[in-house]
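K.L.:
This is the structure I have questions about; it appears just below.
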Amino acid sequence: MTAAKVPPLKGRPFLKWAGGKRQLLEKIRNFFPSDRAGYTYYEPFIGGGAAFFDLQPERAVINDRIGDLAVLYRVIQRSIDELLELLEKHRVQNSRDYYYYIRNQDRDKDRYAEMGDAGRAARFIYLNKTCYNGLYRVNRRGEFNVPYGRYKTAPLYDEANLRAIHRYLASNRICILNGDFADAVQAAAGGDFVYFDPPYHSQNRSGFTGYQAPGFGKGEQRRLRDTFAELTRRGVSCLLSNSDTPFIRELYRDFEITVLEARRAINSDAAGRGAVKEVLVRNCTG
């Protein structure tokens, strides 16, 4: 008897991420293109990449302003063995004291630069999986400042999953950028698809907007709306997630708005956790 062929493992999100879309994928999928080969996919705020890994397009441009996050995706794409070796070293040495030693490496910019891309990538995953509540937060000097999370059994990494992500990123046309969201979508043309999942607008500053300097206030939200409108004029299909606030509803009043409910466990303020309403904004192009 011939054994059944087991399909290769499909990579899935590997980071804890505030505002991650894993729990909403079943609903968001309804708004995504069905033909993976027929367009270029753009995601200018890649974060934990839940939607990206679910769709796994053959051509994509992903971007994030967090430099170490962009470096991490590139290292998984190009240097998976080196990354896994460094992650194992972190795993066996994990402790409260070790956490603060690794966390404080970015205080010396010259020494931090000497770590190399793989060292920075392994540090990013280690801190993400062992810090308090999975937060990404830096101070005004750009230094990671989240305290230790005291997890007893949290796994640091899943080798099979990271290798599956590597195979996907390395075998498809995936461009990884680290820049401004508007620059990341400059090449998008009619028939392409852009998914925006930015830092959410928060009326009481308890949302996700304070996690990285210099923040993403109303001015940036308006600039994002202008980018969304410009892409619409160019015939690019766009979808955007954000919080359900009067400000966001007013910004996107000319587009189709769908309300979703999500549960949020990652937030710097306990008041921002639990059931929350979000919106999906669609331009209905294409």
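Quick note on naming: the chains in the structure tokens go A, B, ... in the order shown, residues restart at 1 in each chain, and ligands are numbered from 1 in order of appearance.
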Pull the alpha helix (DSSP H) assignments for range 84-281 of chain A out of DSSP run on the backbone, and list those residues as a short mmCIF file (atom, residue, chain, number, x, y, z; two decimals) with N, CA and C atoms, in the first residue's frame.
P.N.:
```cif
data_model
loop_
_atom_site.label_atom_id
_atom_site.label_comp_id
_atom_site.auth_asym_id
_atom_site.auth_seq_id
_atom_site.Cartn_x
_atom_site.Cartn_y
_atom_site.Cartn_z
N LEU A 84 17.57 29.92 13.39
CA LEU A 84 17.17 28.84 14.29
C LEU A 84 18.26 28.50 15.29
N GLU A 85 19.50 28.56 14.87
CA GLU A 85 20.61 28.29 15.78
C GLU A 85 20.66 29.33 16.91
N LEU A 86 20.45 30.59 16.56
CA LEU A 86 20.47 31.65 17.57
C LEU A 86 19.25 31.57 18.49
N LEU A 87 18.11 31.21 17.94
CA LEU A 87 16.90 31.08 18.76
C LEU A 87 17.07 29.98 19.81
N GLU A 88 17.71 28.89 19.42
CA GLU A 88 17.93 27.80 20.38
C GLU A 88 18.84 28.27 21.52
N LYS A 89 19.82 29.09 21.22
CA LYS A 89 20.68 29.64 22.28
C LYS A 89 19.87 30.50 23.24
N HIS A 90 18.96 31.29 22.71
CA HIS A 90 18.09 32.10 23.58
C HIS A 90 17.19 31.20 24.43
N ARG A 91 16.67 30.16 23.80
CA ARG A 91 15.73 29.29 24.53
C ARG A 91 16.37 28.66 25.76
N VAL A 92 17.58 28.15 25.62
CA VAL A 92 18.20 27.43 26.74
C VAL A 92 18.70 28.38 27.82
N GLN A 93 18.87 29.64 27.50
CA GLN A 93 19.39 30.59 28.49
C GLN A 93 18.30 31.48 29.10
N ARG A 96 14.88 35.69 33.79
CA ARG A 96 14.62 37.12 33.98
C ARG A 96 15.88 37.95 33.71
N ASP A 97 17.00 37.55 34.29
CA ASP A 97 18.23 38.31 34.11
C ASP A 97 18.68 38.29 32.65
N TYR A 98 18.56 37.13 32.02
CA TYR A 98 18.97 37.02 30.62
C TYR A 98 18.07 37.89 29.75
N TYR A 99 16.78 37.93 30.04
CA TYR A 99 15.85 38.77 29.28
C TYR A 99 16.30 40.23 29.29
N TYR A 100 16.62 40.75 30.48
CA TYR A 100 17.00 42.17 30.55
C TYR A 100 18.36 42.43 29.89
N TYR A 101 19.23 41.43 29.93
CA TYR A 101 20.51 41.56 29.23
C TYR A 101 20.25 41.69 27.72
N ILE A 102 19.40 40.84 27.17
CA ILE A 102 19.09 40.90 25.74
C ILE A 102 18.29 42.15 25.40
N ARG A 103 17.33 42.49 26.26
CA ARG A 103 16.51 43.68 25.99
C ARG A 103 17.37 44.93 25.90
N LYS A 109 24.13 51.69 20.43
CA LYS A 109 23.77 51.60 19.02
C LYS A 109 24.89 50.97 18.18
N ASP A 110 26.14 51.29 18.50
CA ASP A 110 27.24 50.73 17.71
C ASP A 110 27.33 49.23 17.90
N ARG A 111 27.25 48.76 19.14
CA ARG A 111 27.33 47.33 19.40
C ARG A 111 26.10 46.61 18.84
N TYR A 112 24.97 47.30 18.88
CA TYR A 112 23.75 46.69 18.35
C TYR A 112 23.87 46.46 16.85
N ALA A 113 24.44 47.43 16.16
CA ALA A 113 24.62 47.29 14.71
C ALA A 113 25.55 46.13 14.38
N GLU A 114 26.51 45.86 15.27
CA GLU A 114 27.47 44.78 15.04
C GLU A 114 26.86 43.40 15.22
N GLY A 116 24.49 42.08 13.61
CA GLY A 116 24.12 41.51 12.32
C GLY A 116 22.63 41.24 12.25
N ASP A 117 22.14 41.01 11.04
CA ASP A 117 20.71 40.84 10.84
C ASP A 117 20.15 39.63 11.57
N ALA A 118 20.85 38.50 11.52
CA ALA A 118 20.34 37.29 12.18
C ALA A 118 20.26 37.49 13.69
N GLY A 119 21.25 38.16 14.26
CA GLY A 119 21.23 38.43 15.70
C GLY A 119 20.07 39.32 16.08
N ARG A 120 19.80 40.35 15.29
CA ARG A 120 18.68 41.24 15.56
C ARG A 120 17.35 40.52 15.41
N ALA A 121 17.26 39.64 14.40
CA ALA A 121 16.02 38.89 14.16
C ALA A 121 15.72 37.93 15.31
N ALA A 122 16.74 37.20 15.76
CA ALA A 122 16.55 36.26 16.87
C ALA A 122 16.17 37.01 18.14
N ARG A 123 16.79 38.14 18.37
CA ARG A 123 16.45 38.97 19.54
C ARG A 123 14.99 39.41 19.48
N PHE A 124 14.53 39.80 18.29
CA PHE A 124 13.15 40.27 18.14
C PHE A 124 12.17 39.17 18.54
N ILE A 125 12.38 37.96 18.03
CA ILE A 125 11.48 36.85 18.37
C ILE A 125 11.57 36.53 19.86
N TYR A 126 12.78 36.49 20.40
CA TYR A 126 12.94 36.17 21.82
C TYR A 126 12.19 37.17 22.70
N LEU A 127 12.36 38.46 22.43
CA LEU A 127 11.68 39.47 23.24
C LEU A 127 10.18 39.39 23.06
N ASN A 128 9.73 39.18 21.82
CA ASN A 128 8.30 39.10 21.55
C ASN A 128 7.64 37.96 22.33
N LYS A 129 8.32 36.84 22.43
CA LYS A 129 7.72 35.67 23.07
C LYS A 129 7.89 35.64 24.59
N THR A 130 8.79 36.45 25.13
CA THR A 130 9.04 36.41 26.58
C THR A 130 8.70 37.70 27.30
N GLU A 159 10.09 25.35 14.98
CA GLU A 159 11.02 25.20 13.86
C GLU A 159 10.30 24.83 12.57
N ALA A 160 9.36 23.89 12.64
CA ALA A 160 8.66 23.46 11.43
C ALA A 160 7.91 24.63 10.79
N ASN A 161 7.28 25.46 11.61
CA ASN A 161 6.54 26.60 11.08
C ASN A 161 7.47 27.63 10.46
N LEU A 162 8.58 27.94 11.14
CA LEU A 162 9.52 28.92 10.58
C LEU A 162 10.13 28.42 9.28
N ARG A 163 10.37 27.13 9.18
CA ARG A 163 10.91 26.59 7.92
C ARG A 163 9.85 26.65 6.82
N ALA A 164 8.60 26.43 7.18
CA ALA A 164 7.53 26.55 6.18
C ALA A 164 7.42 27.99 5.68
N ILE A 165 7.54 28.94 6.59
CA ILE A 165 7.51 30.35 6.19
C ILE A 165 8.70 30.66 5.28
N HIS A 166 9.87 30.14 5.65
CA HIS A 166 11.06 30.34 4.81
C HIS A 166 10.82 29.82 3.40
N ARG A 167 10.27 28.61 3.27
CA ARG A 167 10.05 28.04 1.94
C ARG A 167 9.10 28.92 1.13
N TYR A 168 8.07 29.44 1.78
CA TYR A 168 7.13 30.30 1.07
C TYR A 168 7.79 31.60 0.62
N LEU A 169 8.48 32.28 1.55
CA LEU A 169 9.10 33.56 1.22
C LEU A 169 10.20 33.42 0.18
N ALA A 170 10.93 32.31 0.24
CA ALA A 170 12.07 32.12 -0.67
C ALA A 170 11.66 31.65 -2.05
N SER A 171 10.52 31.02 -2.19
CA SER A 171 10.12 30.42 -3.46
C SER A 171 9.09 31.25 -4.22
N PHE A 181 4.45 53.92 4.61
CA PHE A 181 3.38 53.15 3.96
C PHE A 181 3.06 53.67 2.56
N ALA A 182 3.10 54.99 2.37
CA ALA A 182 2.78 55.54 1.05
C ALA A 182 3.84 55.14 0.02
N ASP A 183 5.10 55.13 0.42
CA ASP A 183 6.16 54.71 -0.48
C ASP A 183 6.01 53.23 -0.85
N ALA A 184 5.55 52.42 0.11
CA ALA A 184 5.46 50.97 -0.10
C ALA A 184 4.46 50.60 -1.18
N LYS A 218 -3.78 61.53 14.33
CA LYS A 218 -4.80 61.88 13.35
C LYS A 218 -4.21 62.35 12.03
N GLY A 219 -3.09 63.04 12.10
CA GLY A 219 -2.46 63.49 10.86
C GLY A 219 -2.05 62.33 9.97
N GLU A 220 -1.48 61.28 10.57
CA GLU A 220 -1.10 60.10 9.81
C GLU A 220 -2.33 59.34 9.32
N GLN A 221 -3.38 59.30 10.12
CA GLN A 221 -4.62 58.64 9.68
C GLN A 221 -5.19 59.36 8.46
N ARG A 222 -5.12 60.68 8.45
CA ARG A 222 -5.63 61.44 7.30
C ARG A 222 -4.75 61.18 6.07
N ARG A 223 -3.45 61.13 6.26
CA ARG A 223 -2.54 60.85 5.14
C ARG A 223 -2.79 59.45 4.59
N LEU A 224 -3.10 58.51 5.46
CA LEU A 224 -3.43 57.16 5.02
C LEU A 224 -4.72 57.17 4.20
N ARG A 225 -5.73 57.92 4.66
CA ARG A 225 -6.98 58.04 3.89
C ARG A 225 -6.70 58.61 2.50
N ASP A 226 -5.82 59.61 2.43
CA ASP A 226 -5.49 60.20 1.14
C ASP A 226 -4.81 59.18 0.22
N THR A 227 -3.96 58.35 0.80
CA THR A 227 -3.31 57.29 0.02
C THR A 227 -4.34 56.29 -0.47
N PHE A 228 -5.27 55.92 0.39
CA PHE A 228 -6.36 55.01 0.04
C PHE A 228 -7.17 55.58 -1.13
N ALA A 229 -7.48 56.87 -1.05
CA ALA A 229 -8.27 57.51 -2.11
C ALA A 229 -7.48 57.58 -3.42
N GLU A 230 -6.19 57.87 -3.34
CA GLU A 230 -5.36 57.94 -4.55
C GLU A 230 -5.26 56.58 -5.23
N LEU A 231 -5.08 55.52 -4.44
CA LEU A 231 -5.04 54.18 -5.01
C LEU A 231 -6.38 53.83 -5.68
N THR A 232 -7.46 54.28 -5.08
CA THR A 232 -8.79 54.04 -5.65
C THR A 232 -8.89 54.70 -7.03
N ARG A 233 -8.39 55.93 -7.16
CA ARG A 233 -8.42 56.62 -8.44
C ARG A 233 -7.58 55.89 -9.49
N PRO A 246 -15.96 57.51 15.56
CA PRO A 246 -16.54 58.54 14.70
C PRO A 246 -15.52 59.17 13.76
N PHE A 247 -14.30 59.34 14.22
CA PHE A 247 -13.26 59.94 13.39
C PHE A 247 -12.98 59.08 12.17
N ILE A 248 -12.82 57.79 12.35
CA ILE A 248 -12.54 56.89 11.23
C ILE A 248 -13.74 56.79 10.30
N ARG A 249 -14.94 56.74 10.85
CA ARG A 249 -16.13 56.68 10.01
C ARG A 249 -16.25 57.94 9.13
N GLU A 250 -15.91 59.08 9.70
CA GLU A 250 -15.97 60.32 8.93
C GLU A 250 -14.89 60.33 7.85
N LEU A 251 -13.68 59.87 8.19
CA LEU A 251 -12.60 59.86 7.20
C LEU A 251 -12.98 59.04 5.97
#
```
K.L.:
Would you compute the distance between CA of Gly179 in chain A and CA of Arg253 in chain A? Give it in Å to one decimal.
P.N.:
27.8 Å
K.L.:
Could you check how far CA of Glu82 in chain A sits from CA of Phe14 in chain A, in Å to one decimal?
P.N.:
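CA of Phe14 in chain A lies at a distance of 17.1 Å from CA of Glu82 in chain A.
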K.L.:
Determine which residues of range 54-249 of chain A receive a DSSP assignment of strand (DSSP E or B), computed from the backbone, and state them as a ChimeraX atom specification.
P.N.:
/A:59-63,131,138,144,148,173-177,193-196,237-243
K.L.:
For a test of reading the model, state the distance in Å between CA of Thr40 in chain A and CA of Arg59 in chain A, rounded to one decimal.
P.N.:
5.0 Å
K.L.:
Compare A:Ile76, A:Val138, A:Leu15, A:Ile46 by their minimum atom-to-atom distance to Pro199 in chain A, counting only C-alpha atoms, and give me the closest one.
P.N.:
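Closest to Pro199 in chain A of all the choices is A:Ile46.
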K.L.:
If we count only C-alpha atoms, what is near Leu260 in chain A at a cut-off of 7 Å, once residues fewer than 3 positions away on the same chain are taken out, given as a list in words?
P.N.:
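Near Leu260 in chain A, the qualifying residues are Lys277, Glu278 and Val279 of chain A.
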K.L.:
Taking C-alpha atoms for each residue, export the selection above as a short mmCIF file (atom, residue, chain, number, x, y, z; two decimals), in the first residue's frame.
P.N.:
```cif
data_model
loop_
_atom_site.label_atom_id
_atom_site.label_comp_id
_atom_site.auth_asym_id
_atom_site.auth_seq_id
_atom_site.Cartn_x
_atom_site.Cartn_y
_atom_site.Cartn_z
CA LYS A 277 -15.67 46.82 17.39
CA GLU A 278 -13.55 47.32 14.29
CA VAL A 279 -14.31 48.42 10.75
#
```
K.L.:
Can you tell me which residues surround Phe196 in chain A at a distance of at most 8 Å, considering only C-alpha atoms, apart from same-chain residues fewer than 4 positions away, and format the answer as a list in words?
P.N.:
Glu43, Pro44, Phe45, Cys238, Leu239, Leu240 and Ser241 of chain A
K.L.:
May I have the residues from that selection written out with N, CA and C atoms, as an mmCIF file, in the first residue's frame?
P.N.:
```cif
data_model
loop_
_atom_site.group_PDB
_atom_site.id
_atom_site.type_symbol
_atom_site.label_atom_id
_atom_site.label_comp_id
_atom_site.auth_asym_id
_atom_site.auth_seq_id
_atom_site.Cartn_x
_atom_site.Cartn_y
_atom_site.Cartn_z
ATOM 1 N N GLU A 43 0.986 44.850 1.465
ATOM 2 C CA GLU A 43 0.576 45.062 2.858
ATOM 3 C C GLU A 43 1.599 45.990 3.524
ATOM 4 N N PRO A 44 1.280 47.294 3.598
ATOM 5 C CA PRO A 44 2.253 48.288 4.059
ATOM 6 C C PRO A 44 2.508 48.292 5.565
ATOM 7 N N PHE A 45 1.624 47.633 6.352
ATOM 8 C CA PHE A 45 1.814 47.513 7.799
ATOM 9 C C PHE A 45 1.778 46.012 8.126
ATOM 10 N N CYS A 238 -8.569 48.109 -2.650
ATOM 11 C CA CYS A 238 -8.028 48.354 -1.314
ATOM 12 C C CYS A 238 -9.001 47.902 -0.229
ATOM 13 N N LEU A 239 -8.425 47.402 0.848
ATOM 14 C CA LEU A 239 -9.168 47.036 2.044
ATOM 15 C C LEU A 239 -8.387 47.567 3.229
ATOM 16 N N LEU A 240 -9.094 48.118 4.216
ATOM 17 C CA LEU A 240 -8.425 48.712 5.368
ATOM 18 C C LEU A 240 -9.146 48.335 6.653
ATOM 19 N N SER A 241 -8.381 47.976 7.668
ATOM 20 C CA SER A 241 -8.912 47.712 9.004
ATOM 21 C C SER A 241 -8.587 48.888 9.913
#
```
K.L.:
Please provide as number ranges by chain all residues within 7 Å of Phe255 in chain A, with the sequence filter that same-chain residues fewer than 6 positions apart are discarded (counting only C-alpha atoms).
P.N.:
A: 281-283
K.L.:
Store the residues picked out above in a file with N, CA and C atoms, as an mmCIF file, in the first residue's frame.
P.N.:
```cif
data_model
loop_
_atom_site.group_PDB
_atom_site.id
_atom_site.type_symbol
_atom_site.label_atom_id
_atom_site.label_comp_id
_atom_site.auth_asym_id
_atom_site.auth_seq_id
_atom_site.Cartn_x
_atom_site.Cartn_y
_atom_site.Cartn_z
ATOM 1 N N VAL A 281 -12.870 48.802 5.739
ATOM 2 C CA VAL A 281 -13.203 49.801 4.719
ATOM 3 C C VAL A 281 -12.775 49.266 3.371
ATOM 4 N N ARG A 282 -13.681 49.312 2.416
ATOM 5 C CA ARG A 282 -13.439 48.745 1.094
ATOM 6 C C ARG A 282 -13.745 49.766 0.012
ATOM 7 N N ASN A 283 -12.913 49.802 -1.040
ATOM 8 C CA ASN A 283 -13.169 50.772 -2.105
ATOM 9 C C ASN A 283 -13.921 50.166 -3.296
#
```
